[in-house]
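What follows is a set of notes on a single structure, which appears directly below.
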Amino acid sequence: MKKIVTVSREFGSGGRETGKRLAEALGFNYVDSEIIQAVAEQTKLDENYLRDKLEQGIANYPVTIGRTFSQVKSISNSAMLIAKQHNIIRDIAAKSDCVIVGRGADVALADLKPFKIFVYADMRSKIARIRSRAQTDEILTDKEIERKIRHIDGARKSTHDLYSPRAWGDKAGYNICINTTDTDVKSIIKPLSEIIAAYFK
């Protein structure tokens with residue numbers, strides 16, 4: 001069985017950087033955008049459209065109550081795309097030792113016993129990290145960035161919680177939770193990789 005690490009993360013917490021650096025330290029394959037690319041190839045849909053659609057998530061309440069036909073159809077399409085994404089994740093995980101960031105990989109691969117990480121940070125730190133990585137032409141206020149963070153994290157939680165018996169971010173659902181507030185991600189990679197190596201012995 002392949003060694004699998006999944007990284008779930010709050011938006012702006014540095015989870016993607018953690019995953020990249022961890023994969024390099026462990027000598028594992030790093031998996032992120034390849035998943036969207038594979039879904040795009042299978043569905044013949046535009047990658048940017050898919051990224052936006054999957055980022056919106058699925059609302060965590062019955063779709064049959066107070067919903068128009070178009071809304072139900074949209075939610076159904078999202079569910080179909082998420083199912084395809086989970087199948088692709090399983091295919092990728094079967095091929096090599098890997099670190100998979102986001103995409104509900106911890107849920108899709110639960111039966112394979114991956115090492116599951118959840119990365120989080122306080123709002124101030126997340127806003128600062130997002131601002132430091134923003135494009136030069138992307139000027140947002142702190143309130144706008146916070147609104148974006150809450151929207152994306154809300155979508156991640158609603159989608160995750162439909163497929164998992166544990167809530168997104170619940171420490172009981174992960175092997176380790178990492179608070180990156182005021183933390184240089186590089187400084188945690190060595191001890192974290194040692195913990196993971198011990199897990200897979």
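Numbering starts fresh at 1 for the residues of each chain in the structure tokens, the chains themselves are lettered A, B, ... in the order given, and ligands are numbered from 1 as they appear.
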Can you list, as a VMD selection string, every protein, DNA or RNA residue that comes within 9 Å of Met1 in chain A when you count only C-alpha atoms, leaving out same-chain residues fewer than 2 positions away?
chain A and resid 3 94 97 112
Please build the interface table for range 8-35 of chain A against range 120-141 of chain A with a cut-off of 10 Å, listing for each qualifying residue the nearest atom pair and the distance in Å to one decimal; count only C-alpha atoms, order rows by chain and increasing number, and write it as JSON lines.
{"residue": "A:Ser8", "atom": "CA", "partner": "A:Tyr120", "partner_atom": "CA", "distance": 8.9}
{"residue": "A:Arg9", "atom": "CA", "partner": "A:Tyr120", "partner_atom": "CA", "distance": 6.0}
{"residue": "A:Glu10", "atom": "CA", "partner": "A:Tyr120", "partner_atom": "CA", "distance": 5.3}
{"residue": "A:Phe11", "atom": "CA", "partner": "A:Lys126", "partner_atom": "CA", "distance": 7.3}
{"residue": "A:Gly12", "atom": "CA", "partner": "A:Lys126", "partner_atom": "CA", "distance": 4.5}
{"residue": "A:Ser13", "atom": "CA", "partner": "A:Tyr120", "partner_atom": "CA", "distance": 5.2}
{"residue": "A:Gly14", "atom": "CA", "partner": "A:Arg129", "partner_atom": "CA", "distance": 7.6}
{"residue": "A:Gly15", "atom": "CA", "partner": "A:Tyr120", "partner_atom": "CA", "distance": 7.8}
Output for the residues just chosen: N, CA, C and O atoms as a compact mmCIF listing (two decimals), in the first residue's frame:
# COMPACT_ATOMS: atom_id res chain seq x y z
N SER A 8 -5.44 19.14 4.64
CA SER A 8 -6.62 20.00 4.61
C SER A 8 -6.20 21.33 5.22
O SER A 8 -5.33 21.36 6.10
N ARG A 9 -6.80 22.42 4.76
CA ARG A 9 -6.31 23.70 5.27
C ARG A 9 -7.33 24.80 5.15
O ARG A 9 -8.16 24.81 4.25
N GLU A 10 -7.24 25.74 6.11
CA GLU A 10 -8.00 26.97 6.00
C GLU A 10 -7.34 27.83 4.93
O GLU A 10 -6.11 27.79 4.75
N PHE A 11 -8.14 28.59 4.22
CA PHE A 11 -7.63 29.45 3.16
C PHE A 11 -6.71 30.51 3.78
O PHE A 11 -7.09 31.22 4.70
N GLY A 12 -5.48 30.60 3.27
CA GLY A 12 -4.53 31.58 3.76
C GLY A 12 -3.67 31.11 4.91
O GLY A 12 -2.86 31.87 5.42
N SER A 13 -3.82 29.84 5.29
CA SER A 13 -3.06 29.33 6.44
C SER A 13 -1.67 28.81 6.08
O SER A 13 -0.89 28.47 6.96
N GLY A 14 -1.40 28.71 4.80
CA GLY A 14 -0.10 28.17 4.37
C GLY A 14 -0.12 26.67 4.15
O GLY A 14 0.93 26.03 4.09
N GLY A 15 -1.29 26.10 3.99
CA GLY A 15 -1.41 24.66 3.79
C GLY A 15 -0.78 24.18 2.50
O GLY A 15 -0.16 23.11 2.48
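The interatomic distance for the pair CA of Arg150 in chain A and CA of Thr18 in chain A works out to 20.7 Å.
Within the 10 Å cut-off around Glu24 in chain A, using only C-alpha atoms and omitting residues fewer than 6 positions from it on the same chain, the listed residues are Tyr30, Val99, Ile189 and Ser193 of chain A.
If you look at CA of Ala23 in chain A and CA of Phe115 in chain A, they are 12.6 Å away from each other.
For the residues A:Lys95, A:His151, A:Arg103, A:Lys113, ranking by smallest atom-to-atom distance to Val5 in chain A using only C-alpha atoms places A:Lys113 first.
Residue nearest Ile196 in chain A, chosen from A:Ile89, A:Ile35, A:Leu22, A:Leu45 and counting only C-alpha atoms: A:Leu22.
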Going by DSSP on the backbone, which residues of chain A come out as helix (DSSP H, G or I)? List them as a PyMOL selection string.
chain A and resi 15-26+33-43+47-56+69-93+105-108+110-112+123-132+142-163+171-173+186-199
Pick from A:Leu192, A:Ala167, A:Ala83, A:Ile4, whichever lies nearest to Lys116 in chain A using only C-alpha atoms
A:Ile4
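Running DSSP on the backbone gives strand (DSSP E) for these residues within chain A: A:Ile4, A:Val5, A:Thr6, A:Val7, A:Ser8, A:Arg9, A:Asn29, A:Tyr30, A:Val31, A:Cys98, A:Val99, A:Ile100, A:Val101, A:Phe115, A:Lys116, A:Ile117, A:Phe118, A:Val119, A:Tyr120, A:Ile176, A:Cys177, A:Ile178, A:Asn179.
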Across A:Glu17, A:Asp52, A:Asp106, A:Asp142, the smallest distance to His160 in chain A, with only C-alpha atoms counted, is shown by A:Asp106
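Distances from A:Val31, A:Ala197, A:Ile149, A:Ile117 to Trp168 in chain A were compared using only C-alpha atoms, and the smallest one belongs to A:Ile117.
Distance check against Pro114 in chain A using only C-alpha atoms: of A:Ala155, A:Asp170, A:Lys20, A:Asn175, the minimum falls on A:Asn175.
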Residues within 9 Å of Gly104 in chain A, only C-alpha atoms, excluding chain neighbours under 6 positions, as a PyMOL selection string:
chain A and resi 6+8+82+85-86+89+156+159-160+163
Selection file, N, CA, C and O atoms, as a PDB file, in the first residue's frame:
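Final output, part-v7.pdb:
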ATOM      1  N   THR A   6      -2.472  13.590   3.480  1.00  0.00           N
ATOM      2  CA  THR A   6      -3.449  14.566   2.993  1.00  0.00           C
ATOM      3  C   THR A   6      -3.324  15.834   3.834  1.00  0.00           C
ATOM      4  O   THR A   6      -3.126  15.776   5.041  1.00  0.00           O
ATOM      5  N   SER A   8      -5.439  19.137   4.644  1.00  0.00           N
ATOM      6  CA  SER A   8      -6.625  19.996   4.612  1.00  0.00           C
ATOM      7  C   SER A   8      -6.202  21.327   5.223  1.00  0.00           C
ATOM      8  O   SER A   8      -5.334  21.365   6.100  1.00  0.00           O
ATOM      9  N   ILE A  82     -17.605  16.460  -7.798  1.00  0.00           N
ATOM     10  CA  ILE A  82     -16.876  16.054  -6.589  1.00  0.00           C
ATOM     11  C   ILE A  82     -16.658  14.543  -6.585  1.00  0.00           C
ATOM     12  O   ILE A  82     -15.588  14.055  -6.204  1.00  0.00           O
ATOM     13  N   GLN A  85     -13.879  13.879  -8.871  1.00  0.00           N
ATOM     14  CA  GLN A  85     -12.643  14.304  -8.232  1.00  0.00           C
ATOM     15  C   GLN A  85     -12.157  13.254  -7.242  1.00  0.00           C
ATOM     16  O   GLN A  85     -10.972  12.922  -7.209  1.00  0.00           O
ATOM     17  N   HIS A  86     -13.072  12.692  -6.451  1.00  0.00           N
ATOM     18  CA  HIS A  86     -12.701  11.651  -5.490  1.00  0.00           C
ATOM     19  C   HIS A  86     -12.160  10.403  -6.197  1.00  0.00           C
ATOM     20  O   HIS A  86     -11.191   9.791  -5.732  1.00  0.00           O
ATOM     21  N   ILE A  89      -8.654  11.148  -7.335  1.00  0.00           N
ATOM     22  CA  ILE A  89      -7.752  11.142  -6.178  1.00  0.00           C
ATOM     23  C   ILE A  89      -7.356   9.707  -5.824  1.00  0.00           C
ATOM     24  O   ILE A  89      -6.191   9.415  -5.539  1.00  0.00           O
ATOM     25  N   ARG A 156     -15.621  24.861   1.768  1.00  0.00           N
ATOM     26  CA  ARG A 156     -14.844  23.654   2.056  1.00  0.00           C
ATOM     27  C   ARG A 156     -15.511  22.840   3.163  1.00  0.00           C
ATOM     28  O   ARG A 156     -15.600  21.615   3.088  1.00  0.00           O
ATOM     29  N   THR A 159     -18.948  21.132   1.983  1.00  0.00           N
ATOM     30  CA  THR A 159     -18.724  19.985   1.097  1.00  0.00           C
ATOM     31  C   THR A 159     -18.124  18.818   1.867  1.00  0.00           C
ATOM     32  O   THR A 159     -18.584  17.677   1.755  1.00  0.00           O
ATOM     33  N   HIS A 160     -17.103  19.096   2.652  1.00  0.00           N
ATOM     34  CA  HIS A 160     -16.447  18.044   3.444  1.00  0.00           C
ATOM     35  C   HIS A 160     -17.448  17.344   4.354  1.00  0.00           C
ATOM     36  O   HIS A 160     -17.471  16.111   4.451  1.00  0.00           O
ATOM     37  N   TYR A 163     -19.703  14.496   3.152  1.00  0.00           N
ATOM     38  CA  TYR A 163     -19.090  13.212   2.815  1.00  0.00           C
ATOM     39  C   TYR A 163     -18.386  12.549   3.989  1.00  0.00           C
ATOM     40  O   TYR A 163     -17.964  11.396   3.878  1.00  0.00           O
TER      41      TYR A 163
END
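Atom to atom, CA of Asn77 in chain A and CA of Glu146 in chain A stand 28.1 Å apart.
Non-sequential neighbours of Val39 in chain A (distance at most 9 Å, separation of 2 or more positions within a chain, only C-alpha atoms) are Glu34, Ile35, Ile36, Gln37, Glu41, Gln42, Thr43, Lys44, Leu45, Glu47, Leu50, Leu81, Lys84, Gln85 and Ile88 of chain A.
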